[in-house]
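Remarks on the structure that follows.
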Amino acid sequence: MLRLCGGRLAARLGSLRACLPDPARGRARRISSCIDPSLGLNDVQKEFQKVAFDFAAREMAPQMAEWDQKEVFPVETMRKAAQLGFGAVYVRSDVGGSELSRLDASIIFEALATGCTSTTAYISIHNMCVWMIDSFGNEEQRHRFCPPLCSMEKFASYCLTEPGSGSDAASLMTSAKRQGDYYILNGSKAFISGGGESDIYVVMCRTGGPGPKGISCLVIEKGTPGLSFGKKEKKVGWNSQPTRAVILEDCAVPVANRIGNEGQGFLIAMKGLNGGRINVASCSLGAAHASIMLARDHLSVRKQFGEPLANNQYLQFKLADMATRLVASRLMIRSAAVALQEEREDAVAFCSMAKLFTTDECFAICNQALQMHGGYGYLKDYAVQQYMRDSRVHQILEGSNEVMRMLISRNLLQA
């Protein structure tokens, strides 16, 4: 995997490049210097960023529209991504992970999202689930669950939200009552990415009293009696990943599948979401970057009033604003990723600020890029509309941006 280990890493990067055919490696990416995402990265980071960009260009972008329109869950493409180390970017290597940093993960997810934002977002959620098991599971659990997840032989879903508890996650009602060596679960989870298709469900449930201290984390395997799924939701975006309710009816789960101690589930969920916010915001960066490039190219070729739109100063200034917002968002995300990696005291607030700012700004960039396309931008033949649709939900999930404001203000007022 993409592991930071000197000469072995260089050899691995060479093999990863060899996995891509010559046309993908030789295709020059047109990136304006001022928004080049490789600026500020070291040589190793530039190498795996290029691998991710090439994979996105070859394996994802040509199929992005079809996956969206036909609602295809691209299992084989994601398994190819896992062969490059992208199935468990920041998971330890002894169970098959790449053991990279949070910053490295952000760089990779941003690059992949230029090829398909929806699919990359699912890959990022899968990464978060594997990290939870790797970080809080015991050795037996790590070696039982993580290897097939790292290779994406199996897929994982994160189950926190319920029909009656969205932003107020600590009020969740799904119950898990201990009976001998099993927990008997009853309840349901809503808006679960990968629901019905994933093999592993990381479920937050109530084993104790009310409030966050009564919540525990269980791993439930697909096929467990009492586990079922609702209808596939029809969504504005994120159509390359299925979304369903996860339903638990007298579902017996071994106590051996509990991750961490009883009552530790809410802590695990929140620590997972800190990274999840960086991940999904990195997907927004990729969507915004791709949208700027599409808008730039359209302005250069589209003529009105006898000259290219690129000659219009108003549109030039709009493009400059978009570029500035993108770079500011990227800098904020990368700084927050470092804070999270270093477990700094300000990491939660910083991740919240970065997620809030980046997902708001990048959606605005995608929306403005669509506007620059005029009527063409509203046609599904043009990719800009899909980047806009796929990035909209990033302002809602992994903690809505209103909740991000609550976390930021709480930190500020308690200082």
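Numbering starts fresh at 1 for the residues of each chain in the structure tokens, the chains themselves are lettered A, B, ... in the order given, and ligands are numbered from 1 as they appear.
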
*Enumerate the residues of segment 136-293 of chain A with a DSSP assignment of strand (DSSP E), computed from the backbone, and present them as a VMD selection string.*
chain A and resid 156 to 159 175 to 179 182 to 193 200 to 206 215 to 221 227 to 229 243 to 254 258 to 259

*Could you pull the residues within 9 Å of Lys380 of chain A, counting only C-alpha atoms, minus those fewer than 5 positions along the same chain, as a list of chain:residue names?*
A:Ala65, A:Gln69, A:Gln385, A:Gln386

*Contacts of segment 178-180 of chain A at 10 Å (only C-alpha atoms; same-chain gap of 5+ positions) as a PyMOL selection string*: chain A and resi 185+207+252-255

*Tell me which protein, DNA and RNA residues are within 8 Å of Asn274 of chain A, counting only C-alpha atoms, leaving out same-chain ones fewer than 2 positions away, and put them as a PyMOL selection string.*
chain A and resi 270-272+276-278+340+348+351-352

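Computed from the coordinates, the atom CA of Gln304 of chain A to atom CA of Leu326 of chain A distance equals 27.2 Å.
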
_Polymer residues at most 9 Å from segment 357-359 of chain A, only C-alpha atoms, same-chain spacing of 2 or more positions, as a VMD selection string_ = chain A and resid 280 to 285 325 to 326 328 to 330 332 to 333 352 to 355 361 to 364 391 to 395 401

*From a DSSP calculation on the backbone, collect every residue of segment 60-130 of chain A in helix (DSSP H, G or I) and output the set as number ranges by chain.*
A: 60-70, 75-83, 93-95, 102-113, 117-130

*What gap, in Å, lies between atom CA of Glu345 of chain A and atom CA of Arg258 of chain A?*
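Taking atom CA of Glu345 of chain A and atom CA of Arg258 of chain A, their separation equals 28.0 Å.
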
*Can you tell me, as a list in words, what residues are no more than 8 Å from segment 262-267 of chain A when counting only C-alpha atoms, ignoring any on the same chain fewer than 2 positions away?*
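Near neighbours after the sequence-gap exclusion: Ala170, Met204, Cys205, Thr207, Gly208, Pro212, Lys213, Gly214, Ile215, Ser216, Cys217, Arg258, Ile259, Gly260, Ala269, Met270 and Lys271 of chain A.
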
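For the residues A:Met173, A:Ala56, A:Leu331, A:Ala323, ranking by smallest atom-to-atom distance to Leu160 of chain A using only C-alpha atoms places A:Met173 first.
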
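Nearest residue to Leu103 of chain A, choosing from A:Pro37, A:Ala256, A:Ala337, A:Arg144 and counting only C-alpha atoms: A:Ala337.
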
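The list of residues with at least one atom within 9 Å of segment 409-412 of chain A, based on only C-alpha atoms and without residues fewer than 4 positions apart in the same chain, reads Asp346, Val348, Ala349, Met404 and Arg405 of chain A.
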
Grab the residues selected above and save them as a short mmCIF file (atom, residue, chain, number, x, y, z; two decimals), in the first residue's frame with all heavy atoms.
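The result, stored in part_19.cif:
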data_model
loop_
_atom_site.label_atom_id
_atom_site.label_comp_id
_atom_site.auth_asym_id
_atom_site.auth_seq_id
_atom_site.Cartn_x
_atom_site.Cartn_y
_atom_site.Cartn_z
N ASP A 346 -7.38 22.26 19.38
CA ASP A 346 -8.31 23.01 18.53
C ASP A 346 -8.82 22.20 17.34
O ASP A 346 -9.50 22.75 16.47
CB ASP A 346 -7.63 24.29 18.03
CG ASP A 346 -6.41 24.00 17.14
OD1 ASP A 346 -5.97 22.84 17.07
OD2 ASP A 346 -5.90 24.95 16.51
N VAL A 348 -11.18 19.88 16.82
CA VAL A 348 -12.62 19.76 16.58
C VAL A 348 -13.16 21.05 15.98
O VAL A 348 -13.88 21.04 14.98
CB VAL A 348 -13.37 19.40 17.88
CG1 VAL A 348 -14.88 19.45 17.66
CG2 VAL A 348 -12.96 18.02 18.36
N ALA A 349 -12.82 22.18 16.60
CA ALA A 349 -13.30 23.47 16.09
C ALA A 349 -12.72 23.76 14.71
O ALA A 349 -13.42 24.26 13.82
CB ALA A 349 -12.93 24.59 17.06
N MET A 404 -22.05 22.85 12.60
CA MET A 404 -20.66 23.30 12.62
C MET A 404 -20.57 24.67 13.30
O MET A 404 -19.64 24.92 14.08
CB MET A 404 -20.12 23.40 11.18
CG MET A 404 -20.05 22.09 10.41
SD MET A 404 -19.09 20.78 11.21
CE MET A 404 -20.41 19.82 11.98
N ARG A 405 -21.53 25.53 13.02
CA ARG A 405 -21.52 26.85 13.65
C ARG A 405 -21.71 26.74 15.16
O ARG A 405 -21.12 27.50 15.95
CB ARG A 405 -22.62 27.73 13.04
CG ARG A 405 -22.32 28.14 11.59
CD ARG A 405 -23.45 28.99 11.00
NE ARG A 405 -23.06 29.56 9.73
CZ ARG A 405 -23.26 28.97 8.55
NH1 ARG A 405 -23.84 27.77 8.50
NH2 ARG A 405 -22.89 29.56 7.42
#

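Nearest to Ser198 of chain A of all the residues A:Val75, A:Ala169, A:Ala121, A:Met388 is A:Val75, based on only C-alpha atoms.
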
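If you measure from each of A:Gly226, A:Gly275, A:Gly399, A:Gly96 to Tyr183 of chain A using only C-alpha atoms, the closest one turns out to be A:Gly226.
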
*Nearest to Lys70 of chain A among A:Glu153, A:Gly85, A:Tyr376, A:Trp238, with distances taken over only C-alpha atoms: which residue is it?*
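Of A:Glu153, A:Gly85, A:Tyr376, A:Trp238, the one nearest Lys70 of chain A is A:Trp238, counting only C-alpha atoms.
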